[in-house]
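final25.cif follows (mmCIF, C-alpha atoms and all ligand atoms):
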```cif
data_entry
loop_
_atom_site.label_atom_id
_atom_site.label_comp_id
_atom_site.auth_asym_id
_atom_site.auth_seq_id
_atom_site.Cartn_x
_atom_site.Cartn_y
_atom_site.Cartn_z
CA MET A 1 0.00 0.00 0.00
CA LEU A 2 2.75 2.42 0.85
CA ARG A 3 4.61 1.57 -2.32
CA ARG A 4 1.45 2.05 -4.26
CA ALA A 5 0.75 5.28 -2.52
CA ALA A 6 4.05 6.66 -3.64
CA LEU A 7 2.89 6.45 -7.25
CA LEU A 8 0.01 8.76 -6.71
CA VAL A 9 -0.13 12.35 -7.74
CA GLY A 10 -0.91 15.66 -6.22
CA LEU A 11 1.27 15.71 -3.16
CA LEU A 12 4.68 16.81 -2.19
CA PHE A 13 6.55 14.00 -0.55
CA VAL A 14 9.03 13.98 2.19
CA SER A 15 12.24 12.37 1.11
CA ALA A 16 12.60 8.64 1.40
CA CYS A 17 14.69 8.86 4.51
CA ALA A 18 12.50 11.37 6.29
CA VAL A 19 10.48 10.47 9.30
CA GLY A 20 7.31 10.17 7.30
CA GLU A 21 8.52 7.41 5.04
CA ARG A 22 7.21 4.31 6.76
CA PRO A 23 5.87 5.64 9.98
CA THR A 24 2.97 3.25 10.26
CA LEU A 25 5.27 0.50 11.36
CA GLU A 26 8.74 1.66 12.08
CA GLY A 27 8.89 5.40 11.90
CA ALA A 28 8.00 6.10 15.47
CA GLY A 29 10.94 4.47 17.08
CA SER A 30 12.49 7.71 18.14
CA VAL A 31 9.43 8.80 20.02
CA ALA A 32 9.11 7.83 23.64
CA ASP A 33 6.55 5.05 23.71
CA GLY A 34 4.88 5.80 26.94
CA ALA A 35 7.54 4.17 29.02
CA ASP A 36 6.91 6.64 31.76
CA ALA A 37 6.35 4.40 34.70
CA SER A 38 5.85 7.13 37.22
CA GLY A 39 2.30 6.00 37.23
CA ASP A 40 -0.79 7.61 38.50
CA ASP A 41 -3.55 5.16 39.09
CA THR A 42 -3.65 2.05 37.01
CA GLU A 43 -6.28 -0.35 35.94
CA GLY A 44 -4.91 -2.81 38.40
CA LEU A 45 -5.08 -0.42 41.29
CA SER A 46 -8.46 0.93 40.44
CA GLY A 47 -9.94 -2.50 40.11
CA THR A 48 -11.41 -1.61 36.77
CA PRO A 49 -11.00 -4.32 34.18
CA ASP A 50 -9.20 -3.13 31.12
CA GLY A 51 -11.47 -1.93 28.43
CA GLU A 52 -14.35 -1.39 30.71
CA ALA A 53 -14.47 2.15 32.01
CA GLY A 54 -15.31 4.74 29.46
CA GLY A 55 -17.22 2.40 27.27
CA ASP A 56 -14.45 2.66 24.75
CA GLY A 57 -12.87 -0.72 24.85
CA SER A 58 -9.55 0.91 25.30
CA GLY A 59 -9.17 0.36 28.97
CA SER A 60 -9.24 2.88 31.70
CA GLU A 61 -7.58 4.12 34.78
CA THR A 62 -10.21 6.54 35.86
CA ALA A 63 -13.65 5.77 37.07
CA ALA A 64 -14.77 9.39 37.06
CA GLY A 65 -16.86 10.96 34.37
CA PRO A 66 -20.18 10.55 32.74
CA ALA A 67 -21.75 7.16 32.76
CA THR A 68 -22.02 6.80 29.03
CA THR A 69 -19.85 9.13 27.03
CA GLU A 70 -21.04 9.19 23.46
CA GLU A 71 -18.50 10.99 21.33
CA ALA A 72 -19.84 12.93 18.38
CA ALA A 73 -18.93 11.38 15.06
CA PRO A 74 -15.95 13.06 13.39
CA PRO A 75 -17.06 15.30 10.51
CA LEU A 76 -15.61 13.05 7.86
CA PRO A 77 -16.59 13.41 4.23
CA ASP A 78 -17.75 10.46 2.23
CA ARG A 79 -15.09 9.05 0.00
CA GLN A 80 -16.66 10.29 -3.22
CA SER A 81 -16.74 13.88 -2.13
CA LEU A 82 -12.98 13.77 -1.63
CA GLY A 83 -12.54 13.49 -5.37
CA ASN A 84 -8.93 12.67 -6.09
CA ALA A 85 -7.77 13.43 -2.57
CA PRO A 86 -6.66 10.49 -0.44
CA PRO A 87 -8.90 9.53 2.49
CA VAL A 88 -5.99 9.52 4.93
CA LEU A 89 -2.55 11.13 5.04
CA ILE A 90 0.51 10.31 7.06
CA SER A 91 1.90 13.60 8.32
CA PRO A 92 5.64 14.36 8.15
CA THR A 93 5.91 13.34 11.79
CA GLY A 94 4.22 10.01 11.10
CA VAL A 95 0.75 10.78 12.43
CA LEU A 96 -2.20 9.26 10.58
CA VAL A 97 -4.83 11.90 9.80
CA PRO A 98 -8.10 11.49 7.90
CA VAL A 99 -8.57 14.06 5.13
CA LEU A 100 -11.57 16.35 5.43
CA ALA A 101 -11.09 18.34 2.22
CA ARG A 102 -8.60 19.77 -0.18
CA ASN A 103 -7.83 23.43 0.28
CA PRO A 104 -5.69 25.91 -1.64
CA THR A 105 -2.54 25.10 0.27
CA GLY A 106 -2.97 21.36 0.66
CA TYR A 107 -5.47 19.61 2.86
CA GLU A 108 -7.73 20.10 5.78
CA VAL A 109 -7.25 17.08 8.03
CA LEU A 110 -8.62 15.69 11.26
CA THR A 111 -6.06 15.46 14.03
CA PRO A 112 -5.96 12.55 16.48
CA CYS A 113 -7.85 14.69 19.01
CA GLY A 114 -10.48 15.55 16.43
CA ASN A 115 -9.44 19.06 15.45
CA ALA A 116 -9.64 20.28 11.85
CA VAL A 117 -6.29 21.76 10.80
CA ASP A 118 -4.46 22.51 7.57
CA LEU A 119 -1.64 20.29 6.42
CA THR A 120 0.44 21.26 3.42
CA TYR A 121 1.67 17.83 2.57
CA GLY A 122 1.81 14.26 3.72
CA GLN A 123 2.06 10.73 2.44
CA PRO A 124 -1.26 9.55 1.04
CA VAL A 125 -2.86 6.34 2.23
CA TRP A 126 -5.46 5.27 -0.30
CA GLU A 127 -6.56 2.08 1.32
CA ALA A 128 -5.64 -0.49 3.92
CA THR A 129 -6.79 -4.08 4.15
CA VAL A 130 -6.01 -4.23 7.84
CA VAL A 131 -6.00 -1.47 10.44
CA LEU A 132 -4.24 -2.31 13.69
CA ASP A 133 -5.04 -0.25 16.76
CA PRO A 134 -2.49 -0.14 19.58
CA GLY A 135 -4.69 0.61 22.56
CA HIS A 136 -4.13 3.78 24.63
CA GLY A 137 -1.30 6.28 24.15
CA GLY A 138 -0.19 9.67 25.40
CA ASP A 139 -1.60 10.47 28.81
CA GLU A 140 -3.87 7.43 28.57
CA ARG A 141 -1.28 4.82 29.33
CA GLY A 142 -3.68 1.98 29.96
CA ALA A 143 -2.87 -0.65 32.54
CA ILE A 144 0.51 -0.49 34.22
CA GLY A 145 2.33 -3.66 35.17
CA PRO A 146 4.02 -4.34 38.50
CA ASP A 147 7.33 -3.59 36.81
CA GLY A 148 6.09 -0.22 35.59
CA ALA A 149 5.61 -1.24 31.96
CA THR A 150 2.72 0.58 30.37
CA GLU A 151 0.10 -1.12 28.32
CA ALA A 152 0.30 1.67 25.74
CA GLU A 153 3.93 0.83 25.00
CA VAL A 154 3.43 -2.93 24.93
CA ASN A 155 0.37 -2.63 22.70
CA LEU A 156 2.29 -0.46 20.23
CA ASP A 157 5.21 -2.88 20.10
CA VAL A 158 2.93 -5.86 19.47
CA ALA A 159 1.01 -3.90 16.84
CA ARG A 160 4.19 -2.91 15.01
CA ARG A 161 5.39 -6.50 14.98
CA THR A 162 2.00 -7.72 13.75
CA GLY A 163 1.98 -5.10 11.03
CA ALA A 164 5.45 -6.04 9.85
CA LEU A 165 4.47 -9.71 9.63
CA LEU A 166 1.34 -8.90 7.62
CA GLU A 167 3.21 -6.54 5.30
CA ALA A 168 5.73 -9.31 4.67
CA GLN A 169 2.77 -11.34 3.41
CA GLY A 170 1.73 -8.55 1.08
CA VAL A 171 -1.12 -7.22 3.20
CA ALA A 172 -1.66 -3.45 3.27
CA VAL A 173 -1.59 -2.41 6.92
CA VAL A 174 -1.71 0.81 8.88
CA LEU A 175 -1.63 1.51 12.58
CA THR A 176 -4.04 4.01 14.10
CA ARG A 177 -1.17 5.50 16.07
CA SER A 178 2.49 5.32 15.24
CA ALA A 179 3.93 6.63 18.49
CA ASP A 180 2.99 7.60 22.02
CA TYR A 181 0.13 10.00 21.58
CA ARG A 182 -3.52 9.94 22.42
CA ILE A 183 -6.37 9.19 20.03
CA PRO A 184 -9.97 9.11 21.16
CA VAL A 185 -11.63 5.85 20.26
CA ARG A 186 -14.06 7.49 17.88
CA ASN A 187 -11.18 8.74 15.75
CA ARG A 188 -9.49 5.33 15.76
CA ALA A 189 -12.68 3.88 14.34
CA ALA A 190 -12.86 6.69 11.78
CA ILE A 191 -9.46 5.74 10.38
CA ALA A 192 -10.54 2.15 9.78
CA ASP A 193 -13.82 3.23 8.24
CA GLN A 194 -12.30 5.92 6.01
CA LEU A 195 -9.84 3.38 4.68
CA GLN A 196 -12.61 0.83 4.12
CA ALA A 197 -10.49 -1.80 5.80
CA LYS A 198 -11.53 -5.44 5.84
CA ALA A 199 -10.38 -6.01 9.39
CA PHE A 200 -9.77 -3.72 12.37
CA VAL A 201 -7.95 -5.21 15.35
CA SER A 202 -7.43 -3.37 18.63
CA ILE A 203 -4.57 -4.69 20.76
CA HIS A 204 -4.68 -4.53 24.57
CA HIS A 205 -3.43 -6.11 27.77
CA ASN A 206 -5.77 -6.75 30.62
CA ALA A 207 -6.14 -5.66 34.24
CA PRO A 208 -6.74 -6.10 37.09
CA ALA A 209 -5.32 -9.53 37.70
CA ALA A 210 -8.06 -12.14 37.69
CA GLN A 211 -8.16 -15.55 39.30
CA PRO A 212 -5.57 -18.26 38.61
CA THR A 213 -6.30 -20.40 35.58
CA GLU A 214 -4.67 -23.32 33.83
CA GLU A 215 -4.76 -21.66 30.42
CA PRO A 216 -4.23 -18.12 29.16
CA GLY A 217 -7.10 -15.83 30.13
CA SER A 218 -7.17 -13.99 26.81
CA GLU A 219 -10.41 -12.23 25.95
CA VAL A 220 -11.60 -10.99 22.57
CA TYR A 221 -14.49 -8.54 22.29
CA VAL A 222 -16.54 -8.55 19.12
CA GLN A 223 -19.45 -6.56 17.68
CA SER A 224 -22.90 -7.76 18.54
CA GLY A 225 -24.75 -8.79 15.40
CA SER A 226 -21.71 -8.85 13.10
CA ALA A 227 -20.83 -12.28 11.76
CA ASP A 228 -17.58 -10.91 10.34
CA SER A 229 -16.51 -9.40 13.64
CA ARG A 230 -17.40 -12.66 15.41
CA ARG A 231 -15.34 -14.72 12.97
CA LEU A 232 -12.40 -12.34 13.20
CA GLY A 233 -12.57 -12.56 16.99
CA GLY A 234 -12.88 -16.34 16.98
CA LEU A 235 -9.81 -16.76 14.80
CA ILE A 236 -7.82 -14.35 16.95
CA TYR A 237 -8.86 -16.07 20.16
CA GLU A 238 -7.99 -19.50 18.80
CA ALA A 239 -4.55 -18.44 17.56
CA VAL A 240 -3.61 -16.31 20.57
CA THR A 241 -4.59 -18.84 23.23
CA GLN A 242 -2.77 -21.62 21.38
CA ALA A 243 0.37 -19.52 21.05
CA LEU A 244 0.39 -18.27 24.64
CA ALA A 245 -0.27 -21.73 26.07
CA GLU A 246 3.25 -22.61 24.97
CA PHE A 247 4.60 -20.40 27.74
CA ASP A 248 4.95 -21.77 31.26
CA VAL A 249 3.29 -19.02 33.25
CA ALA A 250 0.91 -18.72 36.20
CA TRP A 251 -2.01 -17.54 34.08
CA THR A 252 -5.02 -15.61 35.28
CA GLY A 253 -8.44 -15.17 33.77
CA ARG A 254 -12.09 -14.53 34.30
CA PRO A 255 -14.60 -17.39 34.27
CA ASP A 256 -16.26 -16.20 31.06
CA ALA A 257 -13.05 -15.54 29.14
CA GLY A 258 -13.34 -16.20 25.42
CA VAL A 259 -14.88 -14.44 22.45
CA LEU A 260 -17.38 -12.09 24.01
CA THR A 261 -19.94 -9.51 23.14
CA VAL A 262 -20.02 -6.92 25.91
CA LEU A 263 -23.29 -5.04 26.07
CA ASN A 264 -24.59 -2.18 28.15
CA SER A 265 -28.02 -2.25 29.73
CA GLU A 266 -29.47 -0.75 26.55
CA GLY A 267 -28.26 -3.79 24.67
CA LYS A 268 -25.65 -1.81 22.71
CA ASN A 269 -21.99 -2.71 22.37
CA ALA A 270 -20.58 -1.30 25.60
CA TYR A 271 -17.18 -0.32 24.21
CA GLY A 272 -16.72 2.43 21.68
CA ILE A 273 -14.24 0.34 19.74
CA THR A 274 -16.97 -2.21 19.02
CA ARG A 275 -19.82 0.32 18.84
CA TYR A 276 -18.45 2.99 16.51
CA PRO A 277 -16.84 1.35 13.48
CA THR A 278 -18.68 -0.19 10.57
CA THR A 279 -15.46 -2.06 9.79
CA PRO A 280 -15.48 -5.56 11.34
CA VAL A 281 -13.51 -5.18 14.54
CA ALA A 282 -12.13 -7.35 17.33
CA LEU A 283 -10.50 -6.08 20.50
CA ALA A 284 -7.96 -8.55 21.87
CA GLU A 285 -6.97 -8.48 25.54
CA LEU A 286 -4.00 -10.73 25.00
CA ALA A 287 -2.84 -11.36 28.57
CA TYR A 288 -2.96 -9.81 32.03
CA ILE A 289 -0.26 -7.18 32.44
CA ALA A 290 -1.48 -6.67 36.00
CA ASN A 291 -0.58 -10.26 36.93
CA PRO A 292 3.10 -10.29 38.02
CA SER A 293 3.77 -13.65 36.39
CA GLU A 294 2.27 -12.59 33.07
CA ALA A 295 3.89 -9.14 33.29
CA VAL A 296 7.34 -10.72 33.30
CA LEU A 297 6.40 -12.70 30.22
CA ILE A 298 4.89 -9.66 28.50
CA GLY A 299 8.23 -7.91 28.92
CA THR A 300 10.01 -10.48 26.79
CA ASP A 301 10.76 -10.35 23.11
CA GLU A 302 9.59 -13.96 22.79
CA TYR A 303 6.13 -13.18 24.07
CA ARG A 304 5.66 -10.08 21.92
CA GLN A 305 6.77 -11.87 18.80
CA ALA A 306 4.60 -14.92 19.55
CA ALA A 307 1.58 -12.70 20.17
CA ALA A 308 2.24 -10.82 16.93
CA GLU A 309 2.65 -14.03 14.96
CA ALA A 310 -0.62 -15.34 16.36
CA LEU A 311 -2.45 -12.13 15.52
CA ALA A 312 -1.00 -12.00 12.01
CA ALA A 313 -1.83 -15.65 11.36
CA ALA A 314 -5.38 -15.16 12.58
CA ILE A 315 -5.89 -12.06 10.45
CA LEU A 316 -4.55 -13.88 7.38
CA ARG A 317 -6.95 -16.76 8.04
CA TYR A 318 -9.76 -14.26 8.36
CA LEU A 319 -8.87 -12.67 5.02
CA ASN A 320 -8.16 -15.87 3.12
CA THR A 321 -10.53 -18.53 4.48
CA ASP A 322 -14.06 -18.99 5.80
CA GLU A 323 -12.92 -20.71 8.96
CA PRO A 324 -15.01 -19.79 12.00
CA GLY A 325 -12.53 -19.64 14.86
CA ASP A 326 -13.21 -20.86 18.35
CA GLY A 327 -13.86 -19.85 21.94
CA PHE A 328 -17.27 -18.24 21.57
CA VAL A 329 -19.09 -17.42 24.78
CA ASP A 330 -22.85 -17.62 24.36
CA ASN A 331 -23.97 -15.14 26.98
CA PRO A 332 -23.06 -11.49 26.53
CA ARG A 333 -21.14 -9.89 29.34
CA LEU A 334 -23.15 -7.02 30.78
CA PHE A 335 -21.23 -3.83 31.43
CA ASN A 336 -22.19 -0.22 31.91
CA PRO A 337 -19.22 2.10 31.47
CA SER A 338 -18.62 4.71 34.10
CA GLY A 339 -15.56 6.60 32.88
CA ASP A 340 -14.51 8.99 30.18
CA THR A 341 -11.37 7.28 28.95
CA GLY A 342 -11.09 7.19 25.20
CA GLY A 343 -12.89 10.49 24.72
CA THR A 344 -11.62 13.88 23.60
CA THR A 345 -11.63 15.71 26.95
CA GLY A 346 -8.17 17.11 27.62
CA CYS A 347 -6.76 15.55 24.46
CA VAL A 348 -3.49 17.14 23.27
CA ASP A 349 -2.50 16.58 19.67
CA PRO A 350 0.99 15.46 18.68
CA PRO A 351 2.85 17.73 16.25
CA LEU A 352 1.97 16.93 12.65
CA THR A 353 4.97 18.64 11.12
ZN ZN B 1 -6.32 -1.55 27.27
#
```

Represent the structure contained in this file as structure tokens.
Ligand SMILES: [Zn+2]
Amino acid sequence: MLRRAALLVGLLFVSACAVGERPTLEGAGSVADGADASGDDTEGLSGTPDGEAGGDGSGSETAAGPATTEEAAPPLPDRQSLGNAPPVLISPTGVLVPVLARNPTGYEVLTPCGNAVDLTYGQPVWEATVVLDPGHGGDERGAIGPDGATEAEVNLDVARRTGALLEAQGVAVVLTRSADYRIPVRNRAAIADQLQAKAFVSIHHNAPAAQPTEEPGSEVYVQSGSADSRRLGGLIYEAVTQALAEFDVAWTGRPDAGVLTVLNSEGKNAYGITRYPTTPVALAELAYIANPSEAVLIGTDEYRQAAAEALAAAILRYLNTDEPGDGFVDNPRLFNPSGDTGGTTGCVDPPLT
């Protein structure tokens, strides 16, 4: 996709060695990836399971805020009205931004925090088969492990590895965030939808620690009523649990772990990441970063690569077969969000240039 994008007209490009060249997977390495372990409250300390507060599926540390934050939809144009403008640009600093319109000096784009700003140039992204979403980022660091590792950093590393594996198989991939900055969930979903992706996978690590289990306690959240989302989630769950079971770890999990729909009391998908996108989505809580035993594992290269290989294999099976996956839990989990994590309040945009 990136090679193809380079053929397209109408934009000034940064040079091949500039930061914007391949930022979706590798370009963000110089940016601090949320490794700040100074830690305010964490999911583990607050007792709030990852992905539950805020109704955004992106985890939470704060229980404050409105009970059901419903973010306004970003003011995105339909693809046809963009004419020959790309639906998404990668800014010179490697930030993915949906295009709102052309303007005399370049483009009006939507920042990660949802602001409309002008951008003179960027690398066009015309389409993506797969959009990977590293959960959290910026001041929303997600769960924090006993060793101080932040979920935001781990999620980004696993997403980059997964993306590299898929690209090696010829699959066009982008990441919703390329570095350690915040994106409200609604805008993550907008990127997948604007790119008309076939699969959207949000990568997370769970908290607080659950009860001891024999097998990995991985959970995958899917969209109620979407057969494609369910199949994507089933294939991810099957691959991830098989891969992680190879590690000798004191696992933890909840009794209803598996492929879940999580609904609020109105019967809607409780998490924004399953509620907002029309793209088939699955949110994978790969392992429990709040469990000391699992946290040690999560810190290893072997784990991160194994998780990425499992995710990539599952996504390829989703794209190339009709296989159903496994691990489906019949009864929805009921959850009513109580936080504001994943929204736009207090969001600070990263520099685009
Ligand atoms: Zn999370």

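Among A:Val220, A:Val348, A:Val296, A:Ala245, the residue with the shortest atom-to-atom distance to ligand ZN 1 (chain B), counting all atoms listed in the file, is A:Val220.
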
>> I need the residue nearest ligand ZN 1 (chain B) from this list: A:Ala282, A:Ala209, A:Ala85, A:Ile203. Use all atoms listed in the file for the distance.
In response: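 The answer is A:Ile203, which sits nearest to ligand ZN 1 (chain B).
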
> Could you work out how far atom CA of Arg333 of chain A lies from atom CA of Glu215 of chain A, giving the answer in Å with one decimal?
Replying inline: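 Interatomic distance here is 20.2 Å.
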
> What is the distance, in Å and to one decimal place, between atom CA of Pro184 of chain A and atom CA of Gly342 of chain A?
Replying inline: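 According to the coordinates, atom CA of Pro184 of chain A and atom CA of Gly342 of chain A are separated by 4.6 Å.
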
> At what distance in Å, to one decimal, does atom CA of Leu156 of chain A lie from atom CA of Ile236 of chain A?
Replying inline: 17.5 Å

>> From the options A:Gly163, A:Pro75, A:Gly83, A:Pro255, which residue's atoms come nearest to Asp133 of chain A, counting all atoms listed in the file?
In response: A:Gly163

> Which residues come within 12 Å of Val174 of chain A, counting all atoms listed in the file, excluding same-chain residues fewer than 3 positions away, as a PyMOL selection string?
Replying inline: chain A and resi 1-2+22-27+88-90+94-97+124-134+159-164+166-167+171+177-178+188+191-192+195-197+199-201

>> Can you pull out the residues contacting Gly138 of chain A? Cut-off 8 Å, using only C-alpha atoms, and skip same-chain residues under 2 positions away; I want them as an MDAnalysis selection string.
In response: chainID A and resid 34 136 140:141 180:182

>> Under the rule that all atoms listed in the file are counted, which of A:Leu244, A:Leu283, A:Pro86, A:Pro212 is the nearest residue to Glu309 of chain A?
In response: A:Leu244

> Counting all atoms listed in the file, which of A:Glu151, A:Glu219, A:Asp322, A:Glu266 gets nearest to Arg231 of chain A?
Replying inline: A:Asp322
